[in-house]
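Notes for the one structure printed next.
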Amino acid sequence: MKMKKARKKLLLHICCAPDATYGIEKFSKDYDITLYFYNPNIHPEIEYKLRALELKRLARTLKVPLIEGPYEPERWFEAVKGLEDEPEGGKRCEVCFRMRLEDTASLAKEQGFDAISTVLTISPKKDAEKINRIGKEIAEKYGVKWVAEDLKKGGGFQRSLELSAKYGIYRQDYCGCIFSKKEVEAKRREREEEILSLAREDRMPLKGRPPGSKEELFFLKEARMALEDLGYAPAEHSFTFLGWDPLKVEVEIDNDAHRAYPLPYSTSLRGVLKSRVQEKGRYILPPGIPFVRFKTTKGNLEIFVREDGPAIPFKASSPNFPAPKIALGLEALEPLRKGARIKAQLVAEIKPMNSEVLLAPLGDSPDILLTAALDSPYFTVAESEAASAAVLLQIAGRLRRRKLRHRVLLAVLGAESLGLGSAYLESLLEELNLREGIKYRIDVRNVGRGAKLHIKAPEDYIELTSKIDPAALVIADATSGVTPAFEIRLWPDELYRTDLDIDETLDSPKMAKVVRFIISLAENLP
């Protein structure tokens, strides 16, 4: 009997999931491939994490082994020192190729692979001849075979676009390194946008998951993977909105730096503003926080100084185009009232941005629509509002175990702090013919910190609620219009969102109560 010839093992360097799609298809015809993600050039870190996460999802979908190398940006910056101004495709790129392929070859030799290659050649901007020359040289050094390819030829690049669309892959808009990103932006913008370009390089640190941000998208991809692990087949539905991206805010009062937050949808100041201020009165801003309002004598900057504590961020309520506005803490009140001079920089962009709704239907006619917010307000900690998504995923798991998944439509909403995710969801329900059958709409946002549980339901909902939880307080919403709407208060509300929305402050028993309540609702529906 003739023995089947064993296939050679190939370690395939991957720069990103979109390029990997066709590379996997091509190389797996002749080799047993393992993917290797080693890309210390990718910057900033959230971009690296997002690309790595997408590759993990693709590898899992295609059942291909994946090794993730270390993230070493400091080592990369040291390697390309002095080449920062090189154009894309120049000497800096050659150093970058060598660094990544050498690490690939070293690992291949260490783990017993027969050959190595890369998917870098699929990019129309990459010189395949140069990459193959470098790869062969390095492979010979480590005693492994180099498999030369120009993946862009023969329709390879177009095929990668098709496969990326098929698997819902995030496609980045620059190669990865900060220097190529700058070059792309410089070509896209004219000289008058120089201030914006500089501000992006030295942007203010953002926490949380602002609408349309990479942080929001990363969280969506995590939620998608979690739902896929539970046997759902979630689909991403993208929408475009006019978003706001704060890049930089710096404030000094009589040369003393003060912590400051731009108010959502504030516009930029022109350069550095130096001015004195005039007091314009006292304001109580939602949800009941006292502020004193000042306005600069030039530059049209509005300043809201909190009377009872440190500076706090504001949650955006709706897109608008106000003058430049910032919030300061109590420590700024006395010097401003005494005529101190303020120095301020505020750079922000109002631009088209993208967000998504993640929809996970398993039945043709679900009775319950369960929604959770994907994004969070600006400047909150990274875990902010993650509790609602965590509850949704807990419910998803229990629905699976109790064979109730067909009764519930799960939706994770992007840009919901602006009310946009839920608005876009309405059009999706109509498009997918899911609106008619839904009787109960439940929003589980903020459930970890004592917020209300909002629900829209038929009038007999009150009777059903009392059966499930006799202690629940149900309040009719008089502003809801034709559709009956209620709030169920399973616990007291908190007055104001703080930036302490972390695991230690989340109330797990209350979150568990929400899970039990919604599962009981699904079980008791006629």
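The way I read the labels, and the way they are meant: chains A, B, ... in the order of the structure tokens, residue 1 as the first residue of every chain, and ligand 1 as the first ligand shown, with later ones counted on from there.
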Report task. Do a neighbour search on A:Ala260 at 7 Å with only C-alpha atoms, toss out local chain neighbours closer than 2 positions, and write the hits as a PyMOL selection string. Result -> chain A and resi 249-251+258+262+311+326-328
Please, which residues in stretch 152-180 of chain A fall within 12 Å of stretch 81-96 of chain A when counting only C-alpha atoms, and what is the closest atom pair and distance in Å to one decimal for each, ordered by chain then residue number, as CSV?
residue,atom,partner,partner_atom,distance
A:Tyr174,CA,A:Glu88,CA,10.5
A:Cys175,CA,A:Glu88,CA,9.2
A:Gly176,CA,A:Cys96,CA,10.9
A:Cys177,CA,A:Cys96,CA,9.5
A:Ile178,CA,A:Glu84,CA,9.4
A:Phe179,CA,A:Glu84,CA,6.6
A:Ser180,CA,A:Glu88,CA,6.1
For the residues selected in the previous step, produce a file with C-alpha atoms as a PDB file, in the first residue's frame.
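Below is the file selection21.pdb, written as the result:
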ATOM      1  CA  TYR A 174      -2.784  52.362   7.148  1.00  0.00           C
ATOM      2  CA  CYS A 175      -0.042  49.734   7.164  1.00  0.00           C
ATOM      3  CA  GLY A 176       0.513  49.817  10.904  1.00  0.00           C
ATOM      4  CA  CYS A 177       3.434  51.988  11.920  1.00  0.00           C
ATOM      5  CA  ILE A 178       2.907  55.496  13.187  1.00  0.00           C
ATOM      6  CA  PHE A 179       5.083  56.925  10.427  1.00  0.00           C
ATOM      7  CA  SER A 180       2.997  55.458   7.618  1.00  0.00           C
TER       8      SER A 180
END
Give one line per residue of stretch 96-151 of chain A that approaches stretch 15-35 of chain A to at most 10 Å, naming the two atoms of the closest pair and their distance in Å to one decimal, counting only C-alpha atoms; sort by chain then ascending residue number and deliver it as a Markdown table.
| residue | atom | partner | partner_atom | distance |
| --- | --- | --- | --- | --- |
| A:Arg100 | CA | A:Cys15 | CA | 9.3 |
| A:Thr104 | CA | A:Leu35 | CA | 10.0 |
| A:Ala108 | CA | A:Thr34 | CA | 9.9 |
| A:Phe113 | CA | A:Thr34 | CA | 9.2 |
| A:Asp114 | CA | A:Tyr31 | CA | 9.6 |
| A:Ala115 | CA | A:Tyr31 | CA | 9.1 |
| A:Ile116 | CA | A:Ile33 | CA | 9.2 |
| A:Ser117 | CA | A:Phe27 | CA | 9.0 |
| A:Thr118 | CA | A:Gly23 | CA | 8.0 |
| A:Val119 | CA | A:Gly23 | CA | 5.7 |
| A:Leu120 | CA | A:Cys15 | CA | 6.6 |
| A:Thr121 | CA | A:Asp19 | CA | 8.9 |
| A:Ile122 | CA | A:Asp19 | CA | 6.5 |
| A:Ser123 | CA | A:Asp19 | CA | 7.6 |
| A:Val147 | CA | A:Phe27 | CA | 9.2 |
| A:Glu149 | CA | A:Phe27 | CA | 9.5 |
| A:Leu151 | CA | A:Gly23 | CA | 7.3 |
Requested in this report: With a distance cut-off of 7 Å and only C-alpha atoms, select the neighbouring residues of A:Tyr38, excluding the residue or stretch itself and same-chain residues fewer than 2 positions from it, and output the selection as a ChimeraX atom specification.
Outcome: /A:36,40,68-70,100
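Separating atom CA of A:Glu356 from atom CA of A:Leu374 is a distance of 8.8 Å.
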Query raised in the report: From the set A:Gly112, A:Tyr265, A:Ala226, A:Pro324, which residue has the shortest atom-to-atom contact distance to A:Lys8, counting only C-alpha atoms?
Result: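 Between A:Gly112, A:Tyr265, A:Ala226, A:Pro324, the residue approaching A:Lys8 most closely is A:Gly112.
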Requested in this report: Check stretch 73-195 of chain A with DSSP on the backbone and list each residue it calls alpha helix (DSSP H), as JSON, numbers by chain.
Outcome: {"A": [73, 74, 75, 76, 77, 78, 79, 91, 92, 93, 94, 95, 96, 97, 98, 99, 100, 101, 102, 103, 104, 105, 106, 107, 108, 109, 110, 111, 128, 129, 130, 131, 132, 133, 134, 135, 136, 137, 138, 139, 140, 141, 142, 156, 157, 158, 159, 160, 161, 162, 163, 164, 165, 166, 167, 178, 179, 180, 181, 182, 183, 184, 185, 186, 187, 188, 194, 195]}
Query raised in the report: Can you tell me how far atom CA of A:Ser238 sits from atom CA of A:Ser355, in Å to one decimal?
Result: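 Result for atom CA of A:Ser238 versus atom CA of A:Ser355: 5.8 Å, one decimal.
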Query - Separation of atom CA of A:Ser427 from atom CA of A:His406, in Å and rounded to one decimal - result: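 Calculated distance between atom CA of A:Ser427 and atom CA of A:His406 is 21.0 Å.
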Requested in this report: Tell me, as a PyMOL selection string, which residues lie within 12 Å of A:Gly329, counting only C-alpha atoms; anything in the same chain fewer than 2 positions away does not count.
Outcome: chain A and resi 251+257-261+289-293+303-313+326-327+331-336
